[in-house]
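Asks: Dropping a structure here in structure tokens format, bear with me for questions.
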Amino acid sequence: MTRPSRLTLVLAGLIAVAAVMGILLGETVFNMAQITQAFTDPGSGPAEVFWQVRAPRVATALMVGAALGLSGAVMQGLLRNPLADPGVLGVSAAAALAAAGAIVLGAAAIPGAVEVSALIGAGLAGGLLILFSARVRSPEALILFGVAVSSFAGAATALIFNLSPSPIATAEVMNWLLGSVQNRSWIDVAWVTPAVLVAAALAAAAAPGLRMLSLGEETARTSGLPMARLRLLALAATALAAGAAVAVAGVIGFVGLAAPHLVRSAVRGDPGRLLLPSALAGALMLVVADLLARMTPTDQELKLGVFTALVGAPLFALIAWRAAREWRL
């Protein structure tokens, strides 16, 4: 069995364990009799908590984490840059801007309106990146353009805060931007899963091109790699995955950046084989992070985006420091 296959099995097993713990553990502590009742009596109180509150929350965290991990791996492979992720390229920020605008305009009362708005925002950002990449081939230039998109979207979101006529809408936007999978239902799971699966199919189609691109763009182009098609597949997969993640959970940073780094050595840096392990690593990270966030003894539950940022920011600094050392060499 190859190292990537073993890694995949290990990650899948850890996800299963983390998911079970996420369902069994929480603010309310159940004894063994109640846990048994949850599995034998669907109408009981413990069953309601397990299968209608905790289970969809865990499933949402799993899908969102997988989406972020996958999109981060795709971006790092396309740009051949270990610091690339959907947040850096502005996809997540654009999705958040669209969702914030929908909330302030009162669309939150319409089922699915905020989620669709977030996907549209991510799609527009992805479309801009595709158009820009068609004219400018440099990965560094694409990163700088993505940073510009992210900065503009962030400023526009701040403007929405400033001009929002309703403090209630402002609080809803802030809650959205902090990121959370609290109070998610099976409807949210059913909404995000198809988008992530389509994004995974697009990423799988891009995998051979990403593997060839790791040899260098000139070598890949000489070998007949259609760069325009590769960029389209990769950016579309990223926009769809990141947009779906923001749509159901708000802004959650650093998972897309960190997940590929945790598993890269096991695939020996092959960007094509990195996609599935990165998605699984992202899913595991977010399920565990959500469990730790709600088990932390605080008066008010920590938001998932805040928790991942507190852990992820030092990791980002470490990755940047290592990259800087490599550039000096």
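Here's how to read the names in the structure tokens: chain A, B, ... by the order shown, residue numbers from 1 in each chain, ligand numbers from 1 in the order shown.
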Can you tell me, as number ranges by chain, what residues are no more than 6 Å from segment 120-123 of chain A when counting only C-alpha atoms, ignoring any on the same chain fewer than 2 positions away?
Replies: A: 91, 94-95, 98, 117-118, 125-127, 239, 243
Asks: Could you produce a table of the residues of segment 195-310 of chain A lying within 6 Å of segment 47-68 of chain A, with the nearest pair of atoms per residue and their separation in Å rounded to one decimal, using only C-alpha atoms, ordered by chain and increasing residue number, as JSON lines?
Replies:
```
{"residue": "A:Val196", "atom": "CA", "partner": "A:Ala67", "partner_atom": "CA", "distance": 5.9}
{"residue": "A:Ala241", "atom": "CA", "partner": "A:Ala67", "partner_atom": "CA", "distance": 4.9}
{"residue": "A:Ala245", "atom": "CA", "partner": "A:Val64", "partner_atom": "CA", "distance": 4.8}
{"residue": "A:Gly256", "atom": "CA", "partner": "A:Leu68", "partner_atom": "CA", "distance": 4.6}
{"residue": "A:Ala279", "atom": "CA", "partner": "A:Ala66", "partner_atom": "CA", "distance": 4.1}
{"residue": "A:Leu280", "atom": "CA", "partner": "A:Ala66", "partner_atom": "CA", "distance": 5.8}
{"residue": "A:Gly282", "atom": "CA", "partner": "A:Gly65", "partner_atom": "CA", "distance": 4.4}
{"residue": "A:Ala283", "atom": "CA", "partner": "A:Gly65", "partner_atom": "CA", "distance": 4.0}
{"residue": "A:Leu286", "atom": "CA", "partner": "A:Gly65", "partner_atom": "CA", "distance": 5.2}
{"residue": "A:Val287", "atom": "CA", "partner": "A:Ala61", "partner_atom": "CA", "distance": 5.4}
```
Asks: Using only C-alpha atoms, what does the table of segment 153-231 of chain A residues within 12 Å of segment 306-319 of chain A look like, with each row giving the shortest atom pair and its distance in Å to one decimal, sorted by chain and ascending number, as a Markdown table?
Replies:
```
| residue | atom | partner | partner_atom | distance |
| --- | --- | --- | --- | --- |
| A:Met174 | CA | A:Val306 | CA | 11.8 |
| A:Asn175 | CA | A:Val306 | CA | 10.8 |
| A:Trp176 | CA | A:Val306 | CA | 11.5 |
| A:Leu177 | CA | A:Val306 | CA | 9.6 |
| A:Leu178 | CA | A:Val306 | CA | 6.2 |
| A:Gly179 | CA | A:Val306 | CA | 7.3 |
| A:Ser180 | CA | A:Val306 | CA | 8.9 |
```
Asks: Just the residues within 8 Å of Arg3 of chain A, please, counting only C-alpha atoms, with nothing from its chain fewer than 2 positions along; format it as an MDAnalysis selection string.
Replies: chainID A and resid 1 5:7 266:267
Asks: Emit the selected residues as a PDB file, in the first residue's frame, including all heavy atoms.
Replies:
```pdb
ATOM      1  N   MET A   1       0.846  -1.199   0.000  1.00  0.00           N
ATOM      2  CA  MET A   1       0.000   0.000   0.000  1.00  0.00           C
ATOM      3  C   MET A   1       0.884   1.254   0.000  1.00  0.00           C
ATOM      4  O   MET A   1       1.860   1.325   0.742  1.00  0.00           O
ATOM      5  CB  MET A   1      -0.913   0.005   1.230  1.00  0.00           C
ATOM      6  CG  MET A   1      -1.892   1.173   1.264  1.00  0.00           C
ATOM      7  SD  MET A   1      -2.950   1.165   2.726  1.00  0.00           S
ATOM      8  CE  MET A   1      -3.933  -0.295   2.406  1.00  0.00           C
ATOM      9  N   SER A   5      -2.116   6.260   0.161  1.00  0.00           N
ATOM     10  CA  SER A   5      -3.263   5.407   0.500  1.00  0.00           C
ATOM     11  C   SER A   5      -3.340   5.181   2.001  1.00  0.00           C
ATOM     12  O   SER A   5      -4.427   5.227   2.598  1.00  0.00           O
ATOM     13  CB  SER A   5      -3.155   4.063  -0.229  1.00  0.00           C
ATOM     14  OG  SER A   5      -3.169   4.243  -1.624  1.00  0.00           O
ATOM     15  N   ARG A   6      -2.183   4.921   2.619  1.00  0.00           N
ATOM     16  CA  ARG A   6      -2.173   4.748   4.078  1.00  0.00           C
ATOM     17  C   ARG A   6      -2.608   6.029   4.783  1.00  0.00           C
ATOM     18  O   ARG A   6      -3.364   5.990   5.759  1.00  0.00           O
ATOM     19  CB  ARG A   6      -0.769   4.343   4.544  1.00  0.00           C
ATOM     20  CG  ARG A   6      -0.363   2.929   4.155  1.00  0.00           C
ATOM     21  CD  ARG A   6       0.816   2.459   4.986  1.00  0.00           C
ATOM     22  NE  ARG A   6       1.990   3.305   4.758  1.00  0.00           N
ATOM     23  CZ  ARG A   6       2.916   3.072   3.830  1.00  0.00           C
ATOM     24  NH1 ARG A   6       2.776   2.020   3.015  1.00  0.00           N
ATOM     25  NH2 ARG A   6       3.969   3.862   3.711  1.00  0.00           N
ATOM     26  N   LEU A   7      -2.132   7.159   4.276  1.00  0.00           N
ATOM     27  CA  LEU A   7      -2.516   8.439   4.869  1.00  0.00           C
ATOM     28  C   LEU A   7      -4.014   8.654   4.757  1.00  0.00           C
ATOM     29  O   LEU A   7      -4.665   9.117   5.710  1.00  0.00           O
ATOM     30  CB  LEU A   7      -1.770   9.578   4.174  1.00  0.00           C
ATOM     31  CG  LEU A   7      -2.137  10.993   4.616  1.00  0.00           C
ATOM     32  CD1 LEU A   7      -1.790  11.213   6.082  1.00  0.00           C
ATOM     33  CD2 LEU A   7      -1.444  12.030   3.738  1.00  0.00           C
ATOM     34  N   ALA A 266       3.748  13.458   2.959  1.00  0.00           N
ATOM     35  CA  ALA A 266       3.335  12.072   2.712  1.00  0.00           C
ATOM     36  C   ALA A 266       3.133  11.786   1.233  1.00  0.00           C
ATOM     37  O   ALA A 266       3.211  10.629   0.801  1.00  0.00           O
ATOM     38  CB  ALA A 266       2.046  11.761   3.474  1.00  0.00           C
ATOM     39  N   VAL A 267       2.872  12.823   0.432  1.00  0.00           N
ATOM     40  CA  VAL A 267       2.687  12.632  -1.009  1.00  0.00           C
ATOM     41  C   VAL A 267       3.892  13.139  -1.781  1.00  0.00           C
ATOM     42  O   VAL A 267       3.850  13.259  -3.002  1.00  0.00           O
ATOM     43  CB  VAL A 267       1.402  13.324  -1.506  1.00  0.00           C
ATOM     44  CG1 VAL A 267       0.189  12.754  -0.808  1.00  0.00           C
ATOM     45  CG2 VAL A 267       1.476  14.837  -1.291  1.00  0.00           C
TER      46      VAL A 267
END
```
Asks: Given the choices A:Val17, A:Asn81, A:Arg268, A:Thr222, which gets closest to Ser138 of chain A if the distance is worked out from only C-alpha atoms?
Replies: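 Nearest to Ser138 of chain A: A:Asn81.
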